[in-house]
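**Q** Structure file coords-v6.txt, compact mmCIF, C-alpha atoms and all ligand atoms, is pasted below:
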```
# COMPACT_ATOMS: atom_id res chain seq x y z
CA MET A 1177 49.83 46.57 44.80
CA ARG A 1178 52.56 44.52 46.57
CA LYS A 1179 51.34 41.22 47.95
CA TYR A 1180 51.71 40.73 51.69
CA ILE A 1181 53.37 37.49 52.83
CA ARG A 1182 51.01 35.13 54.64
CA LYS A 1183 52.24 33.84 58.01
CA GLN A 1184 50.39 31.38 60.17
CA PRO A 1185 48.77 33.20 63.13
CA ASP A 1186 49.95 30.46 65.51
CA ASP A 1187 53.57 31.07 64.49
CA ILE A 1188 53.17 34.80 65.06
CA ARG A 1189 51.59 34.28 68.47
CA PHE A 1190 54.30 31.78 69.42
CA MET A 1191 57.01 34.24 68.37
CA PHE A 1192 55.59 37.14 70.40
CA ASN A 1193 55.12 34.85 73.39
CA LEU A 1194 58.83 33.99 73.15
CA VAL A 1195 60.15 37.56 72.98
CA ALA A 1196 57.62 39.24 75.31
CA HIS A 1197 60.01 39.46 78.28
CA ARG A 1198 62.55 41.48 76.26
CA TYR A 1199 60.15 43.21 73.85
CA ASN A 1200 60.31 46.72 75.35
CA LEU A 1201 64.08 46.70 75.76
CA MET A 1202 64.61 45.48 72.19
CA ASN A 1203 62.25 48.13 70.82
CA SER A 1204 64.17 50.90 72.55
CA LEU A 1205 67.50 49.56 71.32
CA ILE A 1206 66.67 48.93 67.68
CA THR A 1207 64.76 52.20 67.23
CA PHE A 1208 67.25 54.22 69.34
CA GLY A 1209 64.32 55.13 71.61
CA TYR A 1210 62.28 56.60 68.75
CA ASP A 1211 59.43 54.08 69.16
CA LYS A 1212 58.04 56.06 72.12
CA TYR A 1213 58.14 59.26 70.13
CA TRP A 1214 56.32 57.58 67.20
CA ARG A 1215 53.52 56.35 69.46
CA ARG A 1216 53.11 59.86 70.94
CA THR A 1217 53.03 61.26 67.39
CA LEU A 1218 50.31 58.76 66.49
CA LEU A 1219 48.21 59.78 69.50
CA ASN A 1220 48.61 63.44 68.51
CA GLN A 1221 46.82 62.70 65.23
CA THR A 1222 43.45 62.65 66.99
CA ARG A 1223 41.56 64.31 69.80
CA LEU A 1224 40.64 61.70 72.37
CA PRO A 1225 36.99 62.29 73.32
CA ASN A 1226 36.07 62.89 76.98
CA ASN A 1227 34.47 59.76 78.41
CA GLY A 1228 35.21 58.07 75.10
CA ARG A 1229 36.14 54.48 74.35
CA VAL A 1230 39.48 53.58 72.81
CA LEU A 1231 40.52 50.19 71.46
CA ASP A 1232 44.17 49.34 70.82
CA ILE A 1233 44.47 46.16 68.77
CA GLY A 1234 47.72 44.21 68.94
CA THR A 1235 48.37 46.22 72.07
CA GLY A 1236 51.37 44.06 73.01
CA THR A 1237 52.95 45.37 76.19
CA GLY A 1238 50.48 48.25 76.22
CA ASP A 1239 52.63 51.29 75.42
CA LEU A 1240 49.94 53.23 73.53
CA LEU A 1241 47.21 52.83 76.13
CA LEU A 1242 49.47 53.41 79.11
CA GLU A 1243 50.48 56.68 77.49
CA ILE A 1244 46.77 57.60 77.21
CA VAL A 1245 45.75 56.69 80.77
CA HIS A 1246 48.76 58.57 82.13
CA ASP A 1247 47.11 61.84 81.01
CA ASN A 1248 43.40 60.96 80.76
CA THR A 1249 41.50 59.34 83.56
CA ASP A 1250 38.08 59.59 81.91
CA ILE A 1251 38.76 57.50 78.81
CA MET A 1252 37.83 53.83 78.76
CA CYS A 1253 40.77 51.95 77.27
CA VAL A 1254 40.69 48.39 75.97
CA GLY A 1255 43.88 46.63 74.89
CA ALA A 1256 43.47 43.46 72.81
CA ASP A 1257 46.16 41.02 71.75
CA PHE A 1258 46.42 37.30 71.03
CA SER A 1259 49.74 36.83 72.83
CA GLU A 1260 49.14 36.07 76.50
CA ASN A 1261 52.78 36.73 77.39
CA MET A 1262 52.73 40.19 75.82
CA LEU A 1263 49.50 40.94 77.73
CA ASN A 1264 51.05 39.69 80.96
CA VAL A 1265 53.92 42.15 80.59
CA ALA A 1266 51.32 44.89 79.99
CA ARG A 1267 49.29 43.86 83.04
CA ALA A 1268 52.36 44.16 85.29
CA ARG A 1269 53.16 47.75 84.29
CA ARG A 1270 52.43 50.98 86.17
CA ASN A 1271 48.82 52.20 85.72
CA ALA A 1272 47.91 48.90 84.05
CA ASP A 1273 44.81 48.65 86.24
CA SER A 1274 43.31 51.59 84.35
CA VAL A 1275 43.13 49.50 81.17
CA CYS A 1276 40.99 46.50 80.32
CA TRP A 1277 43.35 43.89 78.77
CA LEU A 1278 41.78 41.21 76.61
CA ALA A 1279 43.01 38.16 74.74
CA ALA A 1280 41.58 38.55 71.22
CA ASP A 1281 42.36 37.91 67.59
CA SER A 1282 42.34 41.06 65.49
CA LEU A 1283 40.66 39.15 62.67
CA SER A 1284 37.54 38.35 64.69
CA LEU A 1285 36.87 40.76 67.52
CA SER A 1286 34.13 39.93 69.99
CA PHE A 1287 32.88 43.54 70.22
CA GLN A 1288 29.60 44.70 68.72
CA LYS A 1289 29.66 47.07 65.79
CA ASN A 1290 30.05 50.80 66.58
CA SER A 1291 31.60 50.14 70.00
CA PHE A 1292 34.60 52.52 70.01
CA ASP A 1293 35.32 56.19 69.33
CA VAL A 1294 38.93 55.51 68.41
CA VAL A 1295 40.48 52.28 67.14
CA MET A 1296 44.24 52.18 66.89
CA SER A 1297 47.13 49.83 66.29
CA ALA A 1298 50.90 50.12 66.36
CA PHE A 1299 53.09 47.63 64.50
CA LEU A 1300 50.20 45.18 64.18
CA LEU A 1301 49.07 45.15 60.57
CA ARG A 1302 52.22 43.80 58.96
CA ASN A 1303 51.88 40.77 61.25
CA VAL A 1304 48.32 39.79 60.39
CA GLY A 1305 47.68 37.20 57.70
CA ASN A 1306 44.94 39.24 56.06
CA VAL A 1307 45.28 43.02 56.31
CA THR A 1308 41.96 43.61 54.56
CA SER A 1309 40.03 41.46 57.07
CA ALA A 1310 41.81 43.11 60.00
CA LEU A 1311 40.90 46.60 58.74
CA LYS A 1312 37.31 45.53 58.08
CA GLU A 1313 37.05 44.36 61.69
CA GLN A 1314 38.43 47.70 62.86
CA TYR A 1315 35.87 49.48 60.68
CA ARG A 1316 33.04 47.36 62.09
CA VAL A 1317 33.79 48.07 65.75
CA LEU A 1318 34.41 51.79 65.18
CA ASN A 1319 31.59 54.29 65.82
CA LYS A 1320 30.27 56.33 62.93
CA GLY A 1321 32.44 59.46 62.93
CA GLY A 1322 35.09 57.61 64.97
CA ASN A 1323 38.79 57.70 64.12
CA LEU A 1324 41.18 55.02 63.01
CA LEU A 1325 44.90 55.39 63.72
CA CYS A 1326 47.65 53.13 62.55
CA LEU A 1327 51.41 53.15 63.00
CA ASP A 1328 53.64 50.62 61.28
CA THR A 1329 56.93 50.11 59.56
CA SER A 1330 56.94 50.59 55.82
CA PRO A 1331 59.11 49.05 53.09
CA PHE A 1332 61.89 51.19 51.66
CA ARG A 1333 60.89 52.65 48.34
CA HIS A 1334 64.35 53.17 46.87
CA THR A 1335 66.54 50.17 46.11
CA TRP A 1336 69.71 52.10 46.98
CA LEU A 1337 68.34 52.97 50.44
CA ARG A 1338 67.27 49.38 51.01
CA SER A 1339 70.75 48.13 50.04
CA MET A 1340 72.41 50.68 52.30
CA LEU A 1341 70.30 49.76 55.33
CA LYS A 1342 70.13 46.03 54.69
CA PRO A 1343 73.09 45.20 56.97
CA TYR A 1344 71.34 46.96 59.86
CA PHE A 1345 67.92 45.38 59.33
CA PHE A 1346 69.03 41.89 58.36
CA GLY A 1347 72.33 41.72 60.29
CA VAL A 1348 72.45 43.96 63.34
CA ILE A 1349 68.80 43.67 64.44
CA PRO A 1350 68.65 39.84 64.34
CA LEU A 1351 72.03 39.67 66.10
CA LEU A 1352 70.85 42.00 68.87
CA GLY A 1353 67.62 39.99 69.06
CA GLN A 1354 69.63 36.81 69.54
CA LEU A 1355 71.87 38.32 72.20
CA ILE A 1356 69.12 40.03 74.18
CA SER A 1357 66.02 37.89 73.78
CA GLY A 1358 67.66 34.64 72.68
CA HIS A 1359 65.48 34.62 69.55
CA GLY A 1360 67.31 36.12 66.60
CA ALA A 1361 64.88 34.54 64.11
CA ALA A 1362 62.00 36.58 65.54
CA TYR A 1363 63.92 39.75 64.78
CA LYS A 1364 64.86 38.56 61.31
CA TYR A 1365 61.12 38.18 60.80
CA LEU A 1366 60.63 41.81 61.88
CA SER A 1367 62.84 42.99 59.02
CA GLU A 1368 61.34 40.54 56.53
CA SER A 1369 57.76 41.45 57.39
CA THR A 1370 58.54 45.14 56.94
CA ASP A 1371 60.15 44.44 53.59
CA LYS A 1372 57.08 42.52 52.38
CA PHE A 1373 54.43 44.83 53.80
CA LEU A 1374 52.21 47.17 51.80
CA SER A 1375 53.64 50.54 50.87
CA ALA A 1376 52.12 53.48 52.77
CA GLU A 1377 50.34 54.50 49.57
CA ASP A 1378 48.83 51.04 49.06
CA LEU A 1379 47.75 50.81 52.70
CA ALA A 1380 45.97 54.17 52.41
CA GLU A 1381 44.27 52.97 49.23
CA LEU A 1382 43.14 49.80 50.99
CA MET A 1383 41.73 51.79 53.90
CA SER A 1384 39.72 53.97 51.51
CA SER A 1385 38.45 50.93 49.61
CA ILE A 1386 37.10 49.49 52.89
CA GLY A 1387 35.09 52.64 53.49
CA PHE A 1388 37.24 54.87 55.68
CA ARG A 1389 36.91 58.56 54.84
CA ASN A 1390 39.49 61.35 55.03
CA VAL A 1391 42.30 58.81 54.82
CA GLY A 1392 45.77 60.25 55.08
CA PHE A 1393 49.28 59.24 55.97
CA SER A 1394 52.72 60.61 56.72
CA LYS A 1395 56.12 58.99 56.77
CA VAL A 1396 59.22 59.52 58.89
CA MET A 1397 62.66 57.93 59.23
CA LEU A 1398 63.46 57.94 55.50
CA GLY A 1399 60.02 56.47 54.84
CA SER A 1400 60.56 53.40 57.02
CA VAL A 1401 57.79 54.32 59.48
CA ALA A 1402 54.28 55.39 58.45
CA PHE A 1403 51.32 56.92 60.29
CA HIS A 1404 47.87 56.39 58.81
CA TRP A 1405 44.54 57.82 59.82
CA GLY A 1406 40.96 57.66 58.65
CA MET A 1407 37.38 58.13 59.80
CA LYS A 1408 34.28 55.93 59.63
C1 LIG B 1 55.13 44.31 67.06
S1 LIG B 1 53.98 44.01 68.35
C2 LIG B 1 53.36 45.62 68.68
C3 LIG B 1 52.90 45.80 70.10
C4 LIG B 1 52.46 47.20 70.49
N1 LIG B 1 51.33 47.64 69.71
C5 LIG B 1 53.59 48.19 70.37
O1 LIG B 1 53.34 49.31 69.91
O2 LIG B 1 54.70 47.90 70.81
C6 LIG B 1 52.66 43.25 67.49
C7 LIG B 1 51.60 42.73 68.43
O3 LIG B 1 50.48 42.31 67.65
C8 LIG B 1 50.00 41.09 68.16
N2 LIG B 1 49.31 40.41 67.09
C9 LIG B 1 49.80 39.98 65.91
N3 LIG B 1 48.84 39.41 65.17
C10 LIG B 1 47.70 39.49 65.90
C11 LIG B 1 46.37 39.07 65.69
N4 LIG B 1 45.99 38.45 64.57
N5 LIG B 1 45.46 39.32 66.66
C12 LIG B 1 45.81 39.93 67.82
N6 LIG B 1 47.07 40.34 68.08
C13 LIG B 1 48.00 40.12 67.14
C14 LIG B 1 51.24 40.36 68.66
O4 LIG B 1 50.93 39.37 69.60
C15 LIG B 1 52.06 41.51 69.21
O5 LIG B 1 51.81 41.71 70.57
```
Re-express the file's structure as C-alpha cells.
Ligand SMILES: C[S@@+](CC[C@H](N)C(=O)[O-])C[C@H]1O[C@@H](n2cnc3c(N)ncnc32)[C@H](O)[C@@H]1O

**A**
Amino acid sequence: MRKYIRKQPDDIRFMFNLVAHRYNLMNSLITFGYDKYWRRTLLNQTRLPNNGRVLDIGTGTGDLLLEIVHDNTDIMCVGADFSENMLNVARARRNADSVCWLAADSLSLSFQKNSFDVVMSAFLLRNVGNVTSALKEQYRVLNKGGNLLCLDTSPFRHTWLRSMLKPYFFGVIPLLGQLISGHGAAYKYLSESTDKFLSAEDLAELMSSIGFRNVGFSKVMLGSVAFHWGMK
C-alpha cells in the first residue's frame, strides 16, 4: 500500500483559508467545469432518505450540500470544515441558510455515534494527516445501515500517463493558482497530494478493513478521479 504524505493540519487549514476567496473559480478552471458534474455523480450513488440527516465533512464552500438542499427541503444537512474562510464563503451562498455550517476537525468530530444517515466528503481525504482515523470517525458518526460516499482525486497508475500530464498538474495548475488566487504553492500542493494519495484500490481496501460493507469504487478522467461508497 502506498504511504500517504503527512502534512501538518495547521498548514492545510492556513492554505485553504488563503485560497477560499478564489476556490470555486479555480475549481471550475482547472477541472474545465467537471467538478460540478463529479459531485452530482457522487450524490447519485445513494438515495437520500426523506427527513434524513446528511453530514458533509471538509465541506469547503459547500457545493455538495447546496446541491442537495436545492432539490430536497426535508433533509437536514450539516457541513463541517476546519477552515473558517471556506465556511464563510459557503455561508454567503444562495440557500446557505438551509444548511448548518460547523467549524470541525474531521479527525475528531463532536457528534455522537450513529448520528447521520449519509456521511460524505469530496476532495477531503487526501488532505488529512491520517486517512484511517478520518474514516473511523466517519464510521462512528454514521447510522447502522447508513451510507458513506467519497469523491477524491487519485494518483495516475501508469507512468507514461503521469509523465504526459505532469506539465499540466505541476506547471499549468500552480501557474493558474498563482495568477488567480495569488497562491501558486497551494495549487502545487494539490497536485503533489494527489500524486501521494492512496490508489482507489487501496482506499477501498482501507474502508473495508475499518468495517464498511459493500465497498465499491469507480474511476473517471483516465483514473484521476475516484468515487467510493460503502455502508455501515
Ligand atoms: C479541496 S477542499 C474540498 C471542499 C469541498 N468538499 C469541495 O467539494 O469543493 C478540502 C476541504 O477540506 C478541509 N479540510 C482539510 N482537512 C480537514 C480536516 N482535518 N478537518 C476538517 N476539514 C478539513 C479544507 O479546509 C477544505 O475546505

**Q** Using all atoms listed in the file, determine which residues lie at most 9 Å from Ser1369 in chain A, disregarding the query and same-chain residues fewer than 2 positions distant; provide the list as a list in words.

**A**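 Skipping anything fewer than 2 positions along the chain leaves Tyr1180, Ile1181, Arg1302, Asn1303, Thr1329, Pro1331, Lys1364, Tyr1365, Leu1366, Ser1367, Asp1371, Lys1372 and Phe1373 of chain A.
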
**Q** Identify which of the residues A:Thr1237, A:Asn1220, A:Gln1184, A:Ser1375 lies closest to Tyr1199 in chain A, counting all atoms listed in the file when measuring atom-to-atom distances.

**A**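 Looking only at the distances to Tyr1199 in chain A, the closest residue turns out to be A:Thr1237.
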
**Q** How many Å separate atom C1 of ligand LIG 1 (chain B) from CA of Pro1225 in chain A?

**A**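 Separation between atom C1 of ligand LIG 1 (chain B) and CA of Pro1225 in chain A: 26.3 Å.
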
**Q** With distances taken over all atoms listed in the file, which of A:Leu1231, A:Leu1337, A:Val1396, A:Leu1355 is nearest to ligand LIG 1 (chain B)?

**A**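 Going through A:Leu1231, A:Leu1337, A:Val1396, A:Leu1355 one by one, the smallest distance to ligand LIG 1 (chain B) is for A:Leu1231.
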
**Q** Counting all atoms listed in the file, figure out which residue out of A:Ala1361, A:Leu1311, A:Leu1300, A:Val1254 gets nearest to ligand LIG 1 (chain B).

**A** A:Leu1300

**Q** Provide range 1326-1338 of chain A of the preceding structure as a file containing N, CA and C atoms, as an mmCIF file, in the first residue's frame.

**A**
```cif
data_model
loop_
_atom_site.group_PDB
_atom_site.id
_atom_site.type_symbol
_atom_site.label_atom_id
_atom_site.label_comp_id
_atom_site.auth_asym_id
_atom_site.auth_seq_id
_atom_site.Cartn_x
_atom_site.Cartn_y
_atom_site.Cartn_z
ATOM 1 N N CYS A 1326 -17.594 9.035 -0.980
ATOM 2 C CA CYS A 1326 -16.325 9.763 -1.011
ATOM 3 C C CYS A 1326 -15.909 10.028 -2.459
ATOM 4 N N LEU A 1327 -15.526 11.248 -2.707
ATOM 5 C CA LEU A 1327 -15.008 11.639 -4.029
ATOM 6 C C LEU A 1327 -13.633 12.247 -3.809
ATOM 7 N N ASP A 1328 -12.648 11.795 -4.566
ATOM 8 C CA ASP A 1328 -11.332 12.430 -4.442
ATOM 9 C C ASP A 1328 -10.510 12.186 -5.702
ATOM 10 N N THR A 1329 -9.438 12.927 -5.804
ATOM 11 C CA THR A 1329 -8.511 12.678 -6.893
ATOM 12 C C THR A 1329 -7.699 11.427 -6.555
ATOM 13 N N SER A 1330 -7.147 10.833 -7.579
ATOM 14 C CA SER A 1330 -6.476 9.548 -7.415
ATOM 15 C C SER A 1330 -5.171 9.585 -8.218
ATOM 16 N N PRO A 1331 -4.106 8.973 -7.689
ATOM 17 C CA PRO A 1331 -2.835 9.057 -8.427
ATOM 18 C C PRO A 1331 -2.895 8.279 -9.745
ATOM 19 N N PHE A 1332 -2.172 8.763 -10.731
ATOM 20 C CA PHE A 1332 -2.145 8.050 -12.015
ATOM 21 C C PHE A 1332 -1.424 6.732 -11.846
ATOM 22 N N ARG A 1333 -1.997 5.708 -12.424
ATOM 23 C CA ARG A 1333 -1.442 4.373 -12.274
ATOM 24 C C ARG A 1333 -0.257 4.165 -13.227
ATOM 25 N N HIS A 1334 -0.404 4.667 -14.443
ATOM 26 C CA HIS A 1334 0.616 4.390 -15.462
ATOM 27 C C HIS A 1334 1.651 5.521 -15.515
ATOM 28 N N THR A 1335 2.918 5.143 -15.507
ATOM 29 C CA THR A 1335 3.990 6.133 -15.506
ATOM 30 C C THR A 1335 3.919 7.016 -16.749
ATOM 31 N N TRP A 1336 3.571 6.394 -17.904
ATOM 32 C CA TRP A 1336 3.547 7.180 -19.143
ATOM 33 C C TRP A 1336 2.466 8.258 -19.083
ATOM 34 N N LEU A 1337 1.315 7.930 -18.438
ATOM 35 C CA LEU A 1337 0.222 8.893 -18.332
ATOM 36 C C LEU A 1337 0.624 10.038 -17.397
ATOM 37 N N ARG A 1338 1.275 9.632 -16.295
ATOM 38 C CA ARG A 1338 1.742 10.610 -15.325
ATOM 39 C C ARG A 1338 2.714 11.589 -15.997
#
```
